[in-house]
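K.L.:
One structure is given below, represented as structure tokens, and several questions about it will come after.
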Amino acid sequence: MSLSMPVRLLLGALLVCGFPLFLSAAEPSQLSKSWEQWRGPDRKNLSSDTGLIQDWNAIPPKLTWTASGLGKGYASVSIKDNRLFTTGNIPEGQAVIAINTDDGKILWKTNLIDSNPKHGYPGARCTPSIDGDRLYAISTNGAVSCLSVADGEIIWTKDFEEEWNGKMMSGWGFSESPLVDGDLVLCTPGGKDAIMVALDKTTGKEVWKTSVSDLGEKGKDGAGYSSIVISHAGGVKQYVQLTGRGLIGVRASDGKLLWNYNPVANKVANIPTPIVSGDYVFCSTGYGTGSALVKLSKDGKGIKAKEVYFLNAKTLQNHHGGMILYKDHIYCGHGHGKGFPICINLKSGEVVWGGKIRGEGSGSAAVTFADGNLIFRYESGDLALIEATTEGYKLKGSFKADQVLGKAWAQPVVCNGKLYLREQDVLMCYDLKK
């Protein structure tokens with residue numbers, strides 16, 4: 001094939017200037033449009049975004065806007081299209097707040113309760129769950145509400161104590177983010193006769209409740225600070241939750257308690273959301289407790305839970321920053337109130353790396369995953385980009401959040417190429433796109 005004179009002249013010029021004649025096509029970026037509940041799709045805390053900045057030293061994330069007026073709280077955020085939702089203690093009461101993700105402007109605020117509950121570390125904790133034109137949230141005094149996405153109108157509310165004698169294991173307020181599954185909304189009042197309940201998501205009417213008796217000696221009765229996840233272990237659909245007495249598994253069809261696992265419970269606060277993988281459940285708590293892997297299998301008409309291993313607190317304890325499962329390995333912050341980066345093999349419990357690495361910040365670390373990397377957000381307000389690899393601790397840059405107004409505990413969220421950081425009264429939005 002012969003080339004025209006203009007094309008030959010252009011190629012010659014490119015060669016003289018040192019340009020390669022054949023360039024590999026850049027990988028197209030993929031940006032998600034939604035993060036509709038606590039820990040995102042399937043509650044795995046894995047963003048599907050790609051084409052993000054891979055070196056924060058070379059290209060630090062840029063702050064694009066800051067929203068203010070969100071009040072006190074440690075809640076994360078949920079997102080659908082260009083609307084974001086969170087909760088906070090504003091002067092008028094504890095509220096759900098809607099924000100435009102394009103510019104950070106507040107769209108509406110609706111009080112879940114007309115006062116701010118008094119408990120340790122005051123502030124809202126719940127990340128609202130979005131389901132079509134409705135969303136669901138739990139106040140720290142223990143009530144689940146259904147609201148309209150469009151304007152925040154409250155459609156129905158059910159009070160945990162009035163309906164089910166609900167209680168917390170300790171005094172920091174209900175911190176659960178409700179689970180929407182099909183026609184149901186699931187939550188954990190923590191009562192003996194209703195440790196977990198399933199409600200009709202349209203009306204709030206009770207569908208079933210889970211009664212418990214002896215769940216073991218460790219821990220305390222009541223709800224923990226965790227949120228429900230779905231498992232299909234042993235061929236049975238079930239809801240797994242970390243309560244005041246440790247792990248429980250509840251049959252999805254009727255709310256029957258299938259199994260429980262007590263050794264991971266402590267008497268202060270059981271917090272991290274469990275990790276589900278096939279027939280396995282991984283769990284961890286702080287306060288000097290530790291971590292465990294439990295295997296679930298069919299047992300007649302029920303399910304039995306067998307401990308695969310238990311890691312003591314010196315090996316691995318996750319305080320409240322959450323854990324990531326990626327390629328059969330657990331990544332998280334280790335140590336009560338420390339957040340030391342660590343990687344362990346899920347099936348064996350072997351520490352692959354970390355556990356003694358101090359990291360770029362101090363205090364507990366809230367962790368999320370995006371585009372092959374972990375984002376560690378330390379209590380001190382420092383953020384670190386760490387490659388999610390079994391080859392060792394690979395730091396890829398760090399920066400400090402524009403505002404630090406207290407303990408930076410809210411879990412970071414990556415959606416549509418943006419990093420969202422809730423920090424008490426403000427929400428910061430950073431651009432992560434290349």
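Going through the structure tokens in order, the chains are called A, B, and so on, while each chain numbers its residues from 1 and the ligands are numbered from 1 in the order shown.
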What are the DSSP strand (DSSP E) residues of range 248-280 of chain A, as a ChimeraX atom specification?

P.N.:
/A:248-251,257-261,275-277,280

K.L.:
Excluding same-chain residues fewer than 3 positions from Gly234 in chain A, what lies within 8 Å of it counting only C-alpha atoms, as an NGL selection string?

P.N.:
:A and (279 or 296-298 or 303)

K.L.:
Find, counting only C-alpha atoms, the residue in A:Leu316, A:Ile99, A:Ala252, A:Leu258 that gets nearest to Lys80 in chain A.

P.N.:
A:Ile99

K.L.:
Leaving out range 122-138 of chain A and any residue of its chain fewer than 4 positions from it, which residues lie within 7 Å of it when counting only C-alpha atoms, given as a ChimeraX atom specification?

P.N.:
/A:36-38,72-78,85-89,94,118,142-149,175-179

K.L.:
Please identify all polymer residues within 12 Å of Asp402 in chain A, counting only C-alpha atoms, omitting same-chain residues fewer than 4 positions from it, and present them as JSON, numbers by chain.

P.N.:
{"A": [61, 62, 63, 64, 65, 66, 380, 381, 382, 383, 408, 420, 421, 422, 423, 426, 427, 428, 429, 430]}

K.L.:
Would you pick out the contacts of Gly278 in chain A at 8 Å or less, using only C-alpha atoms, so that residues sharing its chain but fewer than 2 positions from it are not included, and give the list as a VMD selection string?

P.N.:
chain A and resid 231 to 233 276 280

K.L.:
Using only C-alpha atoms, pick whichever of A:Asp221, A:Glu307, A:Asp254, A:Glu153 has the shortest atom-to-atom distance to Asn111 in chain A.

P.N.:
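The closest residue to Asn111 in chain A is A:Glu153.
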
K.L.:
Would you kindly return, as a PDB file with N, CA, C and O atoms, in the first residue's frame, each protein, DNA or RNA residue with an atom no farther than 10 Å from any atom of Pro263 in chain A, considering only C-alpha atoms and excluding same-chain residues fewer than 3 positions away?

P.N.:
```pdb
ATOM      1  N   GLY A 216     -24.647 -17.289  73.738  1.00  0.00           N
ATOM      2  CA  GLY A 216     -23.292 -17.428  74.265  1.00  0.00           C
ATOM      3  C   GLY A 216     -22.991 -16.439  75.360  1.00  0.00           C
ATOM      4  O   GLY A 216     -23.753 -15.500  75.630  1.00  0.00           O
ATOM      5  N   GLU A 217     -21.847 -16.638  76.012  1.00  0.00           N
ATOM      6  CA  GLU A 217     -21.484 -15.834  77.174  1.00  0.00           C
ATOM      7  C   GLU A 217     -20.765 -14.541  76.815  1.00  0.00           C
ATOM      8  O   GLU A 217     -20.867 -13.553  77.546  1.00  0.00           O
ATOM      9  N   LYS A 218     -20.034 -14.541  75.730  1.00  0.00           N
ATOM     10  CA  LYS A 218     -19.265 -13.348  75.376  1.00  0.00           C
ATOM     11  C   LYS A 218     -20.174 -12.251  74.838  1.00  0.00           C
ATOM     12  O   LYS A 218     -21.188 -12.515  74.206  1.00  0.00           O
ATOM     13  N   GLY A 219     -19.773 -11.000  75.083  1.00  0.00           N
ATOM     14  CA  GLY A 219     -20.538  -9.877  74.588  1.00  0.00           C
ATOM     15  C   GLY A 219     -21.683  -9.496  75.498  1.00  0.00           C
ATOM     16  O   GLY A 219     -21.728  -9.856  76.679  1.00  0.00           O
ATOM     17  N   ARG A 245     -23.928 -10.225  70.801  1.00  0.00           N
ATOM     18  CA  ARG A 245     -23.437 -11.550  71.193  1.00  0.00           C
ATOM     19  C   ARG A 245     -22.691 -12.249  70.063  1.00  0.00           C
ATOM     20  O   ARG A 245     -22.480 -13.458  70.103  1.00  0.00           O
ATOM     21  N   GLY A 246     -22.276 -11.514  69.046  1.00  0.00           N
ATOM     22  CA  GLY A 246     -21.512 -12.099  67.958  1.00  0.00           C
ATOM     23  C   GLY A 246     -22.338 -12.283  66.702  1.00  0.00           C
ATOM     24  O   GLY A 246     -23.382 -11.657  66.511  1.00  0.00           O
ATOM     25  N   LEU A 247     -21.866 -13.175  65.822  1.00  0.00           N
ATOM     26  CA  LEU A 247     -22.507 -13.406  64.527  1.00  0.00           C
ATOM     27  C   LEU A 247     -23.786 -14.219  64.660  1.00  0.00           C
ATOM     28  O   LEU A 247     -23.859 -15.157  65.465  1.00  0.00           O
ATOM     29  N   ASN A 260     -25.371 -19.346  65.131  1.00  0.00           N
ATOM     30  CA  ASN A 260     -24.706 -18.184  65.729  1.00  0.00           C
ATOM     31  C   ASN A 260     -23.268 -18.541  66.077  1.00  0.00           C
ATOM     32  O   ASN A 260     -22.909 -19.722  66.193  1.00  0.00           O
ATOM     33  N   ASN A 266     -17.394  -8.906  71.906  1.00  0.00           N
ATOM     34  CA  ASN A 266     -16.819  -8.278  73.100  1.00  0.00           C
ATOM     35  C   ASN A 266     -17.928  -7.516  73.820  1.00  0.00           C
ATOM     36  O   ASN A 266     -19.018  -7.322  73.287  1.00  0.00           O
ATOM     37  N   THR A 289     -10.236  -8.163  71.045  1.00  0.00           N
ATOM     38  CA  THR A 289     -10.912  -9.425  70.741  1.00  0.00           C
ATOM     39  C   THR A 289     -10.189 -10.205  69.650  1.00  0.00           C
ATOM     40  O   THR A 289      -9.420 -11.109  69.936  1.00  0.00           O
ATOM     41  N   GLY A 290     -10.408  -9.890  68.380  1.00  0.00           N
ATOM     42  CA  GLY A 290      -9.726 -10.616  67.312  1.00  0.00           C
ATOM     43  C   GLY A 290     -10.613 -10.836  66.117  1.00  0.00           C
ATOM     44  O   GLY A 290     -11.601 -10.135  65.918  1.00  0.00           O
ATOM     45  N   SER A 291     -10.276 -11.856  65.314  1.00  0.00           N
ATOM     46  CA  SER A 291     -10.967 -12.110  64.051  1.00  0.00           C
ATOM     47  C   SER A 291     -11.162 -13.600  63.851  1.00  0.00           C
ATOM     48  O   SER A 291     -10.434 -14.416  64.419  1.00  0.00           O
ATOM     49  N   ALA A 292     -12.145 -13.960  63.019  1.00  0.00           N
ATOM     50  CA  ALA A 292     -12.423 -15.374  62.784  1.00  0.00           C
ATOM     51  C   ALA A 292     -12.998 -15.595  61.402  1.00  0.00           C
ATOM     52  O   ALA A 292     -13.636 -14.710  60.828  1.00  0.00           O
ATOM     53  N   GLU A 307     -15.984 -23.071  63.048  1.00  0.00           N
ATOM     54  CA  GLU A 307     -14.840 -22.160  63.047  1.00  0.00           C
ATOM     55  C   GLU A 307     -13.680 -22.769  62.270  1.00  0.00           C
ATOM     56  O   GLU A 307     -13.247 -23.875  62.544  1.00  0.00           O
ATOM     57  N   PHE A 310      -9.324 -18.791  64.329  1.00  0.00           N
ATOM     58  CA  PHE A 310      -9.526 -17.572  65.118  1.00  0.00           C
ATOM     59  C   PHE A 310      -8.164 -16.897  65.276  1.00  0.00           C
ATOM     60  O   PHE A 310      -7.181 -17.545  65.656  1.00  0.00           O
TER      61      PHE A 310
END
```

K.L.:
Rank A:Leu311, A:Val414, A:Ala388, A:Cys187 by their smallest atom-to-atom distance to Phe282 in chain A, using only C-alpha atoms, and report the top residue only.

P.N.:
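Between A:Leu311, A:Val414, A:Ala388, A:Cys187, the residue approaching Phe282 in chain A most closely is A:Leu311.
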
K.L.:
Please give the complete set of residues from range 34-206 of chain A that DSSP, run on the backbone, assigns to alpha helix (DSSP H), formatted as a PyMOL selection string.

P.N.:
chain A and resi 160-164

K.L.:
Just the residues within 10 Å of Lys205 in chain A, please, counting only C-alpha atoms, with nothing from its chain fewer than 4 positions along; format it as a PyMOL selection string.

P.N.:
chain A and resi 156+158+184+198-201

K.L.:
What separation in Å, quoted to one decimal, exists between CA of Ile106 in chain A and CA of Thr203 in chain A?

P.N.:
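So the two atoms, CA of Ile106 in chain A and CA of Thr203 in chain A, lie 27.9 Å apart.
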
K.L.:
Rounded to one decimal in Å, what is the spacing between CA of Leu405 in chain A and CA of Leu242 in chain A?

P.N.:
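Here the two named atoms are 29.4 Å from each other.
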
K.L.:
Using only C-alpha atoms, which of the listed residues (A:Asn116, A:Ser47, A:Ser253, A:Asn312) sits closest to Lys237 in chain A?

P.N.:
A:Ser253

K.L.:
Give me, please, the distance in Å between CA of Ser284 in chain A and CA of Arg39 in chain A, quoted to one decimal.

P.N.:
16.5 Å
